[in-house]
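Q: Before we start, here is the structure in question, set down as structure tokens.
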Amino acid sequence: MISLVRRIAPLCALVAALAACGASDAPRPVQLETIPSGPASTPPPFVPGPGGLTPVFKRATTHEKIVALTFDADMTADDESRAAAGEHFDNPGLIDALRASKVPATVFMTGRWADAYPAQARSIGRDPLFEVANHSYSHYAFIRGCFGMPALPEDRMRADVEHADTAIRRAGVPRPMPYFRFPGGCYDNEALRVIGSLGLTAVQWDVPSGDAFAVDAQTVVRQVLDGVRPGSVVVMHCTRAGAPLTEQVVRTVVPRLRARGYRFAKVSQLIAASAGRA
Ligand SMILES: [Zn+2]
């Protein structure tokens, strides 16, 4: 897939800047959320794997109908000039939709996004409905050959992640969760060791929504609804510039998943459920 993507690099470099660009049920009464969404989202203890490799969480091992919606707040170096020219890399309507529907969610935030939108970062980070985790500072890849994205040299990876943490806290997020999502979802063992040395768990996903640069909300809706199973992690984006239909998608999939009996959880709650702690 990556070699194919390289052949159409210009588009996919843009797509990759949004991280995870990939691919009927009987109605039931709407359920109220039963998983606590408050600051109770205490991260399970970090246990590095063999060789210091950080664990990679992709979905919960559970039969419970719980699902985590995750939103990557991407910004790259190039995006700063685009933002200055008037493009919007935030998506307050999406956050409003999550709040209105009382949907807990995990936001993987780049440091550049926190620097660009500190009031929103603070608001999200102080809302017990949400948790915020690290998505690097500059949204550069942690390995070469990741969708044509610029790659960080290994000796700058740690500093980039720490820079993001500093920016996120400076914006007013009091307790970022100890999770890291690799830009583009690309990593190797060396990248896992770097993240492990920082005490961060890598969080991937099992459901790529395909919301990046989507032109048809129904296609994204279908991909999410077809992909979700108990314990799933769905990746979407919190940026109007690169994922303009995501609010519409969320407003559609939330009631449909609830009608299927699903309830929404933050990543920390899925990890806890997977570990038998919830
Ligand atoms: Zn991303």
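So you can find residues: chains in the structure tokens are A, B, ... in the order shown, residues in each start at 1, and ligands are numbered from 1 in order.
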From a backbone DSSP assignment, name each residue in stretch 25-234 of chain A labelled strand (DSSP E), as an NGL selection string.
A: :A and (56-57 or 66-73 or 105-109 or 130-134 or 179-180 or 201-203 or 207-208 or 232-234)
Q: Save the residues we just selected, C-alpha atoms, as a JSON list (two decimals), in the first residue's frame?
A:
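Resulting contents of result.json:
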[["chain", "number", "residue", "atom", "x", "y", "z"],
["A", 56, "VAL", "CA", 0.65, -1.10, 21.07],
["A", 57, "PHE", "CA", -3.06, -0.91, 21.79],
["A", 66, "ILE", "CA", -18.07, -0.57, 23.75],
["A", 67, "VAL", "CA", -16.30, 1.55, 21.18],
["A", 68, "ALA", "CA", -13.84, 4.43, 21.37],
["A", 69, "LEU", "CA", -14.05, 7.33, 18.96],
["A", 70, "THR", "CA", -10.65, 8.97, 18.62],
["A", 71, "PHE", "CA", -9.90, 12.25, 16.90],
["A", 72, "ASP", "CA", -6.49, 13.32, 15.70],
["A", 73, "ALA", "CA", -5.89, 17.06, 15.90],
["A", 105, "ALA", "CA", -13.81, 10.69, 23.20],
["A", 106, "THR", "CA", -10.03, 10.70, 23.09],
["A", 107, "VAL", "CA", -8.27, 13.50, 21.23],
["A", 108, "PHE", "CA", -4.74, 12.86, 20.00],
["A", 109, "MET", "CA", -3.35, 16.36, 19.81],
["A", 130, "PHE", "CA", -12.70, 13.97, 26.91],
["A", 131, "GLU", "CA", -9.14, 12.91, 27.37],
["A", 132, "VAL", "CA", -6.17, 14.31, 25.50],
["A", 133, "ALA", "CA", -3.09, 12.38, 24.44],
["A", 134, "ASN", "CA", 0.05, 13.06, 22.43],
["A", 179, "TYR", "CA", -0.68, 7.58, 25.21],
["A", 180, "PHE", "CA", 0.95, 8.31, 21.90],
["A", 201, "THR", "CA", 1.56, 3.41, 25.31],
["A", 202, "ALA", "CA", 1.18, 3.50, 21.52],
["A", 203, "VAL", "CA", -2.47, 3.64, 20.45],
["A", 207, "VAL", "CA", -11.40, 0.99, 12.28],
["A", 208, "PRO", "CA", -10.05, 3.55, 9.80],
["A", 232, "SER", "CA", -13.10, -1.15, 18.54],
["A", 233, "VAL", "CA", -11.04, 2.01, 18.27],
["A", 234, "VAL", "CA", -12.17, 4.30, 15.44]]
Q: For atom CA of A:Ala60 and atom CA of A:Ser274, quote the distance in Å rounded to one decimal.
A: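 Interatomic distance here is 4.8 Å.
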Q: Could you give me, as a PyMOL selection string, each residue of stretch 75-195 of chain A that DSSP assigns to helix (DSSP H, G or I) when run on this structure's backbone?
A: chain A and resi 77-84+92-100+111-116+118-125+154-171+183-185+189-195
Q: Please dump the current selection as a PDB file, in the first residue's frame; keep C-alpha atoms.
A:
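Result file out32.pdb:
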ATOM      1  CA  ALA A  77       4.744  22.867   9.748  1.00  0.00           C
ATOM      2  CA  ASP A  78       3.237  23.605   6.342  1.00  0.00           C
ATOM      3  CA  ASP A  79      -0.197  23.986   7.837  1.00  0.00           C
ATOM      4  CA  GLU A  80       0.811  27.063   9.804  1.00  0.00           C
ATOM      5  CA  SER A  81       1.021  29.176   6.669  1.00  0.00           C
ATOM      6  CA  ARG A  82      -2.271  27.718   5.474  1.00  0.00           C
ATOM      7  CA  ALA A  83      -3.859  28.586   8.815  1.00  0.00           C
ATOM      8  CA  ALA A  84      -2.467  32.099   8.551  1.00  0.00           C
ATOM      9  CA  PRO A  92     -15.411  23.324  17.218  1.00  0.00           C
ATOM     10  CA  GLY A  93     -18.661  22.050  15.695  1.00  0.00           C
ATOM     11  CA  LEU A  94     -17.405  18.496  16.050  1.00  0.00           C
ATOM     12  CA  ILE A  95     -16.556  19.022  19.708  1.00  0.00           C
ATOM     13  CA  ASP A  96     -19.970  20.618  20.244  1.00  0.00           C
ATOM     14  CA  ALA A  97     -21.625  17.593  18.630  1.00  0.00           C
ATOM     15  CA  LEU A  98     -19.766  15.201  20.949  1.00  0.00           C
ATOM     16  CA  ARG A  99     -20.775  17.292  23.957  1.00  0.00           C
ATOM     17  CA  ALA A 100     -24.393  17.548  22.863  1.00  0.00           C
ATOM     18  CA  GLY A 111       1.705  20.266  19.857  1.00  0.00           C
ATOM     19  CA  ARG A 112       1.341  22.599  16.889  1.00  0.00           C
ATOM     20  CA  TRP A 113      -2.437  22.336  17.138  1.00  0.00           C
ATOM     21  CA  ALA A 114      -2.299  23.146  20.862  1.00  0.00           C
ATOM     22  CA  ASP A 115      -0.125  26.156  20.076  1.00  0.00           C
ATOM     23  CA  ALA A 116      -2.506  27.286  17.334  1.00  0.00           C
ATOM     24  CA  PRO A 118      -4.860  27.012  22.973  1.00  0.00           C
ATOM     25  CA  ALA A 119      -8.353  27.997  24.131  1.00  0.00           C
ATOM     26  CA  GLN A 120      -9.893  24.957  22.456  1.00  0.00           C
ATOM     27  CA  ALA A 121      -7.113  22.673  23.660  1.00  0.00           C
ATOM     28  CA  ARG A 122      -7.714  23.908  27.197  1.00  0.00           C
ATOM     29  CA  SER A 123     -11.482  23.533  26.897  1.00  0.00           C
ATOM     30  CA  ILE A 124     -11.180  19.975  25.595  1.00  0.00           C
ATOM     31  CA  GLY A 125      -8.512  19.092  28.142  1.00  0.00           C
ATOM     32  CA  GLU A 154      15.803   9.144  15.515  1.00  0.00           C
ATOM     33  CA  ASP A 155      17.723  11.515  17.754  1.00  0.00           C
ATOM     34  CA  ARG A 156      14.905  14.071  17.531  1.00  0.00           C
ATOM     35  CA  MET A 157      11.958  11.771  18.232  1.00  0.00           C
ATOM     36  CA  ARG A 158      12.097  12.019  21.982  1.00  0.00           C
ATOM     37  CA  ALA A 159      12.425  15.804  21.929  1.00  0.00           C
ATOM     38  CA  ASP A 160       9.488  16.103  19.521  1.00  0.00           C
ATOM     39  CA  VAL A 161       7.207  14.094  21.809  1.00  0.00           C
ATOM     40  CA  GLU A 162       8.346  16.042  24.856  1.00  0.00           C
ATOM     41  CA  HIS A 163       7.816  19.306  22.948  1.00  0.00           C
ATOM     42  CA  ALA A 164       4.231  18.237  22.227  1.00  0.00           C
ATOM     43  CA  ASP A 165       3.645  17.420  25.887  1.00  0.00           C
ATOM     44  CA  THR A 166       4.980  20.836  26.884  1.00  0.00           C
ATOM     45  CA  ALA A 167       2.766  22.609  24.331  1.00  0.00           C
ATOM     46  CA  ILE A 168      -0.341  20.666  25.338  1.00  0.00           C
ATOM     47  CA  ARG A 169       0.202  21.404  29.040  1.00  0.00           C
ATOM     48  CA  ARG A 170       1.069  25.039  28.322  1.00  0.00           C
ATOM     49  CA  ALA A 171      -2.260  25.401  26.502  1.00  0.00           C
ATOM     50  CA  PRO A 183       1.717  10.305  12.827  1.00  0.00           C
ATOM     51  CA  GLY A 184       0.472   8.289   9.896  1.00  0.00           C
ATOM     52  CA  GLY A 185       0.256   5.295  12.225  1.00  0.00           C
ATOM     53  CA  ASN A 189      10.824  -1.190  16.904  1.00  0.00           C
ATOM     54  CA  GLU A 190      13.168   1.747  17.344  1.00  0.00           C
ATOM     55  CA  ALA A 191      10.224   4.143  17.431  1.00  0.00           C
ATOM     56  CA  LEU A 192       8.492   1.860  19.931  1.00  0.00           C
ATOM     57  CA  ARG A 193      11.602   1.924  22.130  1.00  0.00           C
ATOM     58  CA  VAL A 194      11.664   5.729  22.080  1.00  0.00           C
ATOM     59  CA  ILE A 195       8.008   5.923  23.040  1.00  0.00           C
TER      60      ILE A 195
END
Q: Which residues, written as a list in words, have at least one atom at most 12 Å from A:Gln223, with only C-alpha atoms counted and residues fewer than 5 positions away on the same chain left out?
A: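 Result of the neighbour search: Gly22, Ala23, Asp206, Val207, Pro208, Ser209, Gly210, Asp211, Ala214, Asp216, Ala217, Gln218, Val228, Val234, Val235, Met236, Val249 and Val253 of chain A.
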Q: Could you check which of A:Ser101, A:Thr61, A:Asn91, A:Thr239 is closest to ligand 1, using only C-alpha atoms and all ligand atoms?
A: A:Thr239
Q: Nearest to A:Leu245 among A:Thr62, A:Thr219, A:Thr76, A:Gln204, with distances taken over only C-alpha atoms: which residue is it?
A: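 Answer, going by the shortest atom-to-atom distance: A:Thr219.
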Q: By how many Å are atom 1 (Zn, counted along the ligand's line) of ligand 1 and atom CA of A:Ile271 apart?
A: 20.8 Å
Q: For atom CA of A:Thr54 and atom CA of A:Val267, determine how far apart the two atoms are, in Å to one decimal place.
A: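 A separation of 16.1 Å between them.
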Q: For a quick check of understanding, using only C-alpha atoms and all ligand atoms, which of A:Arg260, A:Met75, A:Pro178, A:Arg229 has the smallest distance to ligand 1?
A: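 Of A:Arg260, A:Met75, A:Pro178, A:Arg229, the one nearest ligand 1, counting only C-alpha atoms and all ligand atoms, is A:Met75.
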Q: Which residue, A:Leu200, A:Leu270, A:Ala141, A:Val103, has the smallest gap to A:Pro55 when you use only C-alpha atoms?
A: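 Answer, going by the shortest atom-to-atom distance: A:Leu200.
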Q: Which residue gives the smallest distance to ligand 1 among A:Pro255, A:Gly231, A:Gly261, A:Gly242, with only C-alpha atoms and all ligand atoms counted?
A: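 Closest to ligand 1, using only C-alpha atoms and all ligand atoms: A:Gly242.
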Q: For ligand 1, which residue out of A:Thr110, A:Gln248, A:Ser197, A:Ser268 is the nearest one, using only C-alpha atoms and all ligand atoms?
A: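 Closest residue, counting only C-alpha atoms and all ligand atoms: A:Thr110.
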